[in-house]
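A.B. asks: Structure file model_20.txt (compact mmCIF, C-alpha atoms) right here:
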# COMPACT_ATOMS: atom_id res chain seq x y z
CA MET A 1 73.22 96.12 118.21
CA GLN A 2 77.00 95.77 118.04
CA ASP A 3 77.12 94.10 121.46
CA LYS A 4 74.40 91.67 120.40
CA MET A 5 76.25 90.79 117.20
CA LYS A 6 79.47 90.31 119.17
CA GLU A 7 77.66 87.98 121.58
CA ILE A 8 76.28 85.91 118.69
CA LEU A 9 79.68 85.65 117.00
CA ILE A 10 81.33 84.57 120.27
CA LYS A 11 78.73 81.83 120.73
CA LEU A 12 79.38 80.66 117.18
CA GLY A 13 83.13 80.65 117.82
CA LEU A 14 83.68 83.20 115.05
CA TYR A 15 84.34 86.47 116.87
CA TYR A 16 88.03 86.01 117.61
CA LYS A 17 88.68 84.35 114.25
CA ILE A 18 87.23 87.38 112.47
CA LYS A 19 89.04 89.78 114.78
CA PHE A 20 92.37 88.03 114.18
CA PHE A 21 91.78 88.00 110.41
CA ILE A 22 91.04 91.74 110.34
CA LYS A 23 94.19 92.46 112.36
CA ARG A 24 96.23 91.14 109.44
CA PHE A 25 95.25 94.24 107.49
CA ASP A 26 96.20 96.82 110.15
CA PHE A 27 99.32 97.80 108.20
CA ILE A 28 97.12 99.37 105.48
CA LYS A 29 96.64 102.29 107.86
CA THR A 30 100.15 103.41 106.89
CA TYR A 31 98.66 104.85 103.69
CA ASN A 32 96.69 107.38 105.72
CA SER A 33 99.50 108.35 108.05
CA PRO A 34 102.61 110.55 108.19
CA PHE A 35 104.68 107.57 107.02
CA LYS A 36 105.78 107.23 103.41
CA PRO A 37 103.45 104.96 101.44
CA ILE A 38 104.58 101.44 100.70
CA ILE A 39 104.84 100.59 97.02
CA PRO A 40 103.65 96.96 96.71
CA LYS A 41 105.86 94.57 94.79
CA ILE A 42 104.08 91.98 92.68
CA TYR A 43 105.53 88.53 92.05
CA ILE A 44 104.12 86.18 89.41
CA GLY A 45 105.74 82.83 88.78
CA LYS A 46 106.41 79.45 90.31
CA ILE A 47 105.80 79.26 94.06
CA ALA A 48 108.70 81.10 95.67
CA VAL A 49 107.28 83.54 98.24
CA GLY A 50 106.91 82.38 101.84
CA VAL A 51 103.83 83.12 103.93
CA PRO A 52 105.74 84.19 105.90
CA TYR A 53 108.53 81.60 106.18
CA PHE A 54 107.26 78.45 104.51
CA PHE A 55 105.71 78.20 101.08
CA PRO A 56 101.87 78.18 101.11
CA ARG A 57 100.66 75.04 102.85
CA LYS A 58 97.75 73.73 104.87
CA LEU A 59 97.25 71.41 107.84
CA VAL A 60 95.43 68.11 107.26
CA ARG A 61 94.73 65.09 109.45
CA LEU A 62 96.88 62.00 109.09
CA THR A 63 95.25 59.28 107.03
CA GLU A 64 94.27 56.05 108.76
CA GLN A 65 97.28 54.25 107.30
CA GLU A 66 99.64 57.05 108.28
CA ALA A 67 98.32 56.93 111.85
CA ILE A 68 98.79 53.14 111.96
CA ASP A 69 102.34 53.40 110.58
CA ALA A 70 103.22 56.13 113.08
CA THR A 71 101.80 54.04 115.94
CA LEU A 72 103.75 50.92 114.91
CA ASN A 73 106.92 53.00 114.55
CA GLU A 74 106.39 54.42 118.04
CA LEU A 75 105.92 50.93 119.49
CA LYS A 76 109.06 49.74 117.73
CA ASN A 77 111.37 52.59 118.73
CA ASN A 78 110.04 53.77 122.09
CA PRO A 79 110.53 51.25 124.96
CA ASN A 80 107.84 53.02 127.01
CA ALA A 81 105.24 52.95 124.24
CA GLU A 82 104.01 49.44 125.11
CA LYS A 83 102.80 50.74 128.48
CA ILE A 84 100.55 53.17 126.63
CA GLY A 85 99.22 50.55 124.25
CA PHE A 86 98.35 50.48 120.58
CA GLU A 87 94.82 51.85 120.91
CA LYS A 88 95.76 54.98 122.85
CA LEU A 89 98.75 55.66 120.63
CA TYR A 90 96.69 55.18 117.50
CA TYR A 91 93.94 57.47 118.84
CA ASP A 92 96.54 60.16 119.51
CA TYR A 93 98.14 59.88 116.06
CA SER A 94 94.76 59.76 114.30
CA ARG A 95 94.02 63.22 115.69
CA ARG A 96 97.35 64.70 114.66
CA GLY A 97 97.96 66.68 111.51
CA LYS A 98 100.65 67.26 108.95
CA PHE A 99 101.41 70.12 106.59
CA ILE A 100 101.07 69.62 102.86
CA ASP A 101 101.65 72.00 99.97
CA LYS A 102 98.65 74.15 99.16
CA LYS A 103 97.41 73.49 95.62
CA ILE A 104 94.92 76.34 95.44
CA GLY A 105 94.00 79.15 97.81
CA PHE A 106 94.77 82.50 99.37
CA ASP A 107 97.02 83.55 102.25
CA PHE A 108 96.89 86.95 103.92
CA VAL A 109 99.92 87.51 106.14
CA GLY A 110 99.98 90.52 108.41
CA LEU A 111 102.99 92.35 109.79
CA GLY A 112 105.15 90.11 111.97
CA TRP A 113 106.77 91.62 115.04
CA LYS A 114 107.73 90.98 118.65
CA THR A 115 109.14 92.83 121.65
CA LYS A 116 112.46 91.90 123.19
CA TRP A 117 113.66 93.51 126.40
CA LYS A 118 110.56 95.55 127.22
CA ASP A 119 107.07 96.06 125.81
CA THR A 120 108.20 98.97 123.62
CA ASP A 121 111.38 97.35 122.32
CA TYR A 122 109.90 96.42 118.95
CA ARG A 123 111.57 93.98 116.60
CA HIS A 124 110.46 93.49 113.01
CA GLU A 125 109.99 89.83 112.02
CA TRP A 126 108.41 89.75 108.55
CA ASN A 127 106.64 91.98 106.03
CA PRO A 128 102.97 91.66 105.09
CA VAL A 129 102.26 89.58 102.00
CA TRP A 130 99.14 88.49 100.11
CA SER A 131 99.41 85.28 98.14
CA PHE A 132 97.32 83.22 95.76
CA VAL A 133 98.50 79.82 94.54
CA LEU A 134 97.16 77.59 91.79
CA ILE A 135 98.91 74.20 91.43
CA LYS A 136 102.58 75.26 91.22
CA TRP A 137 102.05 78.93 90.34
CA GLN A 138 101.82 81.93 92.63
CA VAL A 139 100.76 85.54 92.51
CA ALA A 140 102.05 87.43 95.52
CA ILE A 141 101.88 91.06 96.60
CA LYS A 142 104.70 91.95 98.97
CA PHE A 143 104.49 95.08 101.11
CA THR A 144 108.13 95.96 101.63
CA PRO A 145 108.78 99.58 102.68
CA ILE A 146 111.92 101.64 102.44
CA GLU A 147 114.22 101.05 105.44
CA ASP A 148 112.45 97.78 106.13
CA SER A 149 112.87 97.05 109.85
CA HIS A 150 113.21 100.67 110.98
CA TYR A 151 110.01 101.63 109.16
CA TRP A 152 107.89 99.04 110.92
CA GLU A 153 109.47 99.47 114.34
CA CYS A 154 108.87 103.23 114.25
CA TRP A 155 105.37 102.63 112.91
CA LEU A 156 104.57 100.27 115.77
CA TYR A 157 105.71 102.77 118.39
CA TYR A 158 103.82 105.63 116.75
CA THR A 159 100.55 103.68 116.49
CA ARG A 160 100.70 101.78 119.78
CA ASN A 161 102.52 104.03 122.25
CA THR A 162 101.79 107.66 121.44
CA ASP A 163 98.88 109.67 122.82
CA LYS A 164 96.02 109.33 120.32
CA THR A 165 94.27 112.39 121.75
CA LYS A 166 97.12 114.56 120.46
CA SER A 167 97.68 115.91 116.95
CA THR A 168 99.80 114.04 114.40
CA LYS A 169 102.65 116.50 114.91
CA GLU A 170 102.53 116.09 118.69
CA ARG A 171 102.46 112.30 118.39
CA LEU A 172 105.50 112.36 116.10
CA ILE A 173 107.38 114.59 118.53
CA GLN A 174 106.59 112.13 121.31
CA ALA A 175 107.59 109.12 119.21
CA ARG A 176 110.87 110.62 118.04
CA LYS A 177 111.76 111.60 121.60
CA GLU A 178 110.88 108.27 123.22
CA PHE A 179 111.84 106.02 120.30
CA PRO A 180 114.64 107.95 118.56
CA CYS A 181 115.77 105.26 116.06
CA VAL A 182 119.14 106.95 115.64
CA TRP A 183 121.99 104.73 114.52
CA ILE A 184 125.69 105.52 114.54
CA ARG A 185 128.20 104.38 111.95
CA TYR A 186 131.80 105.28 111.24
CA ASN A 187 133.08 106.36 107.83
CA ASN A 188 136.85 106.82 107.57
CA GLY A 189 137.00 107.23 111.30
CA GLU A 190 134.29 109.90 111.33
CA GLU A 191 131.10 109.32 113.29
CA GLU A 192 127.86 109.58 111.34
CA ARG A 193 124.49 109.70 113.06
CA ILE A 194 121.54 108.46 111.00
CA CYS A 195 117.98 109.21 112.08
CA PHE A 196 115.71 106.79 110.28
CA TRP A 197 112.63 108.85 111.13
CA ASP A 198 113.85 111.30 108.47
CA ALA A 199 113.93 108.51 105.90
CA ILE A 200 110.50 107.03 106.53
CA LEU A 201 108.26 110.07 107.04
CA LYS A 202 106.47 111.93 104.28
CA HIS A 203 108.10 115.21 103.24
CA LYS A 204 105.39 117.18 105.03
CA TRP A 205 106.48 115.68 108.33
CA TYR A 206 110.19 115.51 107.60
CA ASP A 207 112.18 117.13 110.39
CA LYS A 208 115.39 118.67 109.12
The structure given in the file should be rewritten as structure tokens.
C.D. replies:
Amino acid sequence: MQDKMKEILIKLGLYYKIKFFIKRFDFIKTYNSPFKPIIPKIYIGKIAVGVPYFFPRKLVRLTEQEAIDATLNELKNNPNAEKIGFEKLYYDYSRRGKFIDKKIGFDFVGLGWKTKWKDTDYRHEWNPVWSFVLIKWQVAIKFTPIEDSHYWECWLYYTRNTDKTKSTKERLIQARKEFPCVWIRYNNGEEERICFWDAILKHKWYDK
């Protein structure tokens, strides 16, 4: 039944859209994990929260006049544009889009991350946020944990790179060994080692 439904959704072009949308909510699994729960922060006011970088916006097609203006501007400023011709240029511009401010609607932004030097070298990019805008007003729920970047980077390693057939304790031991997240700082010439795992795990799993 599931395979049949998947096949139908793929044919309709919806399967991967739905799958991508659901992935935006993966971070909610932190609430049923050894990691400290995230206390959401609510913002209500004029639009000020990015989703994730820009304010809420949407992509729309250029109007006919905008496409004509862009075509004429291209012909005026690009010496090679005449070889392409007005019709082809106009056709290209008429299919292009532009971003405009969103007047009403929702945005659900999942956790943003990337890897740098290797596939387990996680780098936090942005926090999850849910947003609703109406004209110039916004209600946003920001999911910002304690020890921002370290929390998410450790979470990513724990969920993606530890053996899921093992117990929670065994997975944490593996994660802390392979992804130590220990930082060194100097205070009055004295070296201090900070293990961020101890700051982001629930007390039950805290390793003194």
A.B. asks: One number please: atom CA of A:Pro40 to atom CA of A:Ala199, in Å, one decimal.
C.D. replies: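 Atom-to-atom, atom CA of A:Pro40 and atom CA of A:Ala199 are spaced 18.0 Å apart.
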A.B. asks: Hey, what's within 8 Å of A:Glu125 if we count all atoms listed in the file and toss same-chain stuff fewer than 6 positions away? As a PyMOL selection string, please?
C.D. replies: chain A and resi 111-114
A.B. asks: Which of these residues is nearest to A:Arg24, using all atoms listed in the file: A:Ile200, A:Val129, A:Ile194, A:Cys154?
C.D. replies: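 Looking only at the distances to A:Arg24, the closest residue turns out to be A:Val129.
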A.B. asks: My list of candidates is A:Phe143, A:Gly97, A:Leu172, A:Leu72. Which is closest to A:Gly85 when distances are computed with all atoms listed in the file?
C.D. replies: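 Once distances to A:Gly85 are computed over all atoms listed in the file, the minimum belongs to A:Leu72.
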A.B. asks: Could you pull the residues within 12 Å of stretch 121-123 of chain A, counting all atoms listed in the file, minus those fewer than 5 positions along the same chain, as a list of chain:residue names?
C.D. replies: A:Leu111, A:Gly112, A:Trp113, A:Lys114, A:Thr115, A:Lys116, A:Asp148, A:Ser149, A:His150, A:Tyr151, A:Trp152, A:Glu153, A:Cys154, A:Trp155, A:Leu156, A:Tyr157, A:Tyr158, A:Arg160, A:Asn161, A:Glu178, A:Phe179, A:Pro180, A:Cys181
A.B. asks: One decimal, Å: what's the distance from atom CA of A:Ala140 over to atom CA of A:Lys202, could you say?
C.D. replies: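 These atoms are spaced 26.4 Å apart.
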A.B. asks: Would you mind reading off the distance between atom CA of A:Arg61 and atom CA of A:Tyr91, one decimal, in Å?
C.D. replies: 12.1 Å
A.B. asks: Model the absent atoms of stretch 119-145 of chain A so that N, CA and C atoms are present, and write the result as a PDB file, keeping the file's coordinate frame.
C.D. replies:
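Final output, out_33.pdb:
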ATOM      1  N   ASP A 119     108.246  96.089 126.678  1.00  0.00           N
ATOM      2  CA  ASP A 119     107.070  96.060 125.810  1.00  0.00           C
ATOM      3  C   ASP A 119     107.075  97.123 124.722  1.00  0.00           C
ATOM      4  N   THR A 120     108.081  97.999 124.712  1.00  0.00           N
ATOM      5  CA  THR A 120     108.200  98.970 123.620  1.00  0.00           C
ATOM      6  C   THR A 120     109.469  98.750 122.800  1.00  0.00           C
ATOM      7  N   ASP A 121     110.152  97.676 123.065  1.00  0.00           N
ATOM      8  CA  ASP A 121     111.380  97.350 122.320  1.00  0.00           C
ATOM      9  C   ASP A 121     110.995  96.487 121.118  1.00  0.00           C
ATOM     10  N   TYR A 122     110.457  97.133 120.094  1.00  0.00           N
ATOM     11  CA  TYR A 122     109.900  96.420 118.950  1.00  0.00           C
ATOM     12  C   TYR A 122     110.973  95.845 118.053  1.00  0.00           C
ATOM     13  N   ARG A 123     110.684  94.653 117.538  1.00  0.00           N
ATOM     14  CA  ARG A 123     111.570  93.980 116.600  1.00  0.00           C
ATOM     15  C   ARG A 123     110.739  93.484 115.410  1.00  0.00           C
ATOM     16  N   HIS A 124     111.142  93.904 114.231  1.00  0.00           N
ATOM     17  CA  HIS A 124     110.460  93.490 113.010  1.00  0.00           C
ATOM     18  C   HIS A 124     110.798  92.032 112.701  1.00  0.00           C
ATOM     19  N   GLU A 125     109.778  91.237 112.336  1.00  0.00           N
ATOM     20  CA  GLU A 125     109.990  89.830 112.020  1.00  0.00           C
ATOM     21  C   GLU A 125     109.782  89.541 110.526  1.00  0.00           C
ATOM     22  N   TRP A 126     108.635  89.958 109.976  1.00  0.00           N
ATOM     23  CA  TRP A 126     108.410  89.750 108.550  1.00  0.00           C
ATOM     24  C   TRP A 126     107.452  90.803 108.019  1.00  0.00           C
ATOM     25  N   ASN A 127     107.495  91.007 106.699  1.00  0.00           N
ATOM     26  CA  ASN A 127     106.640  91.980 106.030  1.00  0.00           C
ATOM     27  C   ASN A 127     105.291  91.356 105.674  1.00  0.00           C
ATOM     28  N   PRO A 128     104.265  92.181 105.546  1.00  0.00           N
ATOM     29  CA  PRO A 128     102.970  91.660 105.090  1.00  0.00           C
ATOM     30  C   PRO A 128     103.079  91.133 103.657  1.00  0.00           C
ATOM     31  N   VAL A 129     102.300  90.120 103.354  1.00  0.00           N
ATOM     32  CA  VAL A 129     102.260  89.580 102.000  1.00  0.00           C
ATOM     33  C   VAL A 129     100.882  88.960 101.750  1.00  0.00           C
ATOM     34  N   TRP A 130     100.362  89.157 100.550  1.00  0.00           N
ATOM     35  CA  TRP A 130      99.140  88.490 100.110  1.00  0.00           C
ATOM     36  C   TRP A 130      99.532  87.511  99.011  1.00  0.00           C
ATOM     37  N   SER A 131      98.994  86.322  99.080  1.00  0.00           N
ATOM     38  CA  SER A 131      99.410  85.280  98.140  1.00  0.00           C
ATOM     39  C   SER A 131      98.222  84.482  97.630  1.00  0.00           C
ATOM     40  N   PHE A 132      98.284  84.145  96.348  1.00  0.00           N
ATOM     41  CA  PHE A 132      97.320  83.220  95.760  1.00  0.00           C
ATOM     42  C   PHE A 132      98.097  82.169  94.987  1.00  0.00           C
ATOM     43  N   VAL A 133      97.807  80.895  95.246  1.00  0.00           N
ATOM     44  CA  VAL A 133      98.500  79.820  94.540  1.00  0.00           C
ATOM     45  C   VAL A 133      97.488  78.972  93.762  1.00  0.00           C
ATOM     46  N   LEU A 134      97.952  78.485  92.625  1.00  0.00           N
ATOM     47  CA  LEU A 134      97.160  77.590  91.790  1.00  0.00           C
ATOM     48  C   LEU A 134      98.121  76.534  91.246  1.00  0.00           C
ATOM     49  N   ILE A 135      98.007  75.303  91.765  1.00  0.00           N
ATOM     50  CA  ILE A 135      98.910  74.200  91.430  1.00  0.00           C
ATOM     51  C   ILE A 135     100.333  74.577  91.832  1.00  0.00           C
ATOM     52  N   LYS A 136     101.197  74.920  90.873  1.00  0.00           N
ATOM     53  CA  LYS A 136     102.580  75.260  91.220  1.00  0.00           C
ATOM     54  C   LYS A 136     102.902  76.734  90.950  1.00  0.00           C
ATOM     55  N   TRP A 137     101.852  77.519  90.665  1.00  0.00           N
ATOM     56  CA  TRP A 137     102.050  78.930  90.340  1.00  0.00           C
ATOM     57  C   TRP A 137     101.557  79.824  91.463  1.00  0.00           C
ATOM     58  N   GLN A 138     102.130  81.016  91.529  1.00  0.00           N
ATOM     59  CA  GLN A 138     101.820  81.930  92.630  1.00  0.00           C
ATOM     60  C   GLN A 138     101.772  83.372  92.139  1.00  0.00           C
ATOM     61  N   VAL A 139     100.806  84.084  92.649  1.00  0.00           N
ATOM     62  CA  VAL A 139     100.760  85.540  92.510  1.00  0.00           C
ATOM     63  C   VAL A 139     100.849  86.107  93.918  1.00  0.00           C
ATOM     64  N   ALA A 140     101.850  86.897  94.173  1.00  0.00           N
ATOM     65  CA  ALA A 140     102.050  87.430  95.520  1.00  0.00           C
ATOM     66  C   ALA A 140     102.265  88.943  95.475  1.00  0.00           C
ATOM     67  N   ILE A 141     101.669  89.621  96.436  1.00  0.00           N
ATOM     68  CA  ILE A 141     101.880  91.060  96.600  1.00  0.00           C
ATOM     69  C   ILE A 141     102.637  91.251  97.908  1.00  0.00           C
ATOM     70  N   LYS A 142     103.842  91.767  97.797  1.00  0.00           N
ATOM     71  CA  LYS A 142     104.700  91.950  98.970  1.00  0.00           C
ATOM     72  C   LYS A 142     104.740  93.432  99.343  1.00  0.00           C
ATOM     73  N   PHE A 143     104.489  93.710 100.607  1.00  0.00           N
ATOM     74  CA  PHE A 143     104.490  95.080 101.110  1.00  0.00           C
ATOM     75  C   PHE A 143     105.804  95.332 101.843  1.00  0.00           C
ATOM     76  N   THR A 144     106.788  95.768 101.094  1.00  0.00           N
ATOM     77  CA  THR A 144     108.130  95.960 101.630  1.00  0.00           C
ATOM     78  C   THR A 144     108.485  97.442 101.561  1.00  0.00           C
ATOM     79  N   PRO A 145     108.519  98.138 102.692  1.00  0.00           N
ATOM     80  CA  PRO A 145     108.780  99.580 102.680  1.00  0.00           C
ATOM     81  C   PRO A 145     110.270  99.903 102.592  1.00  0.00           C
TER      82      PRO A 145
END
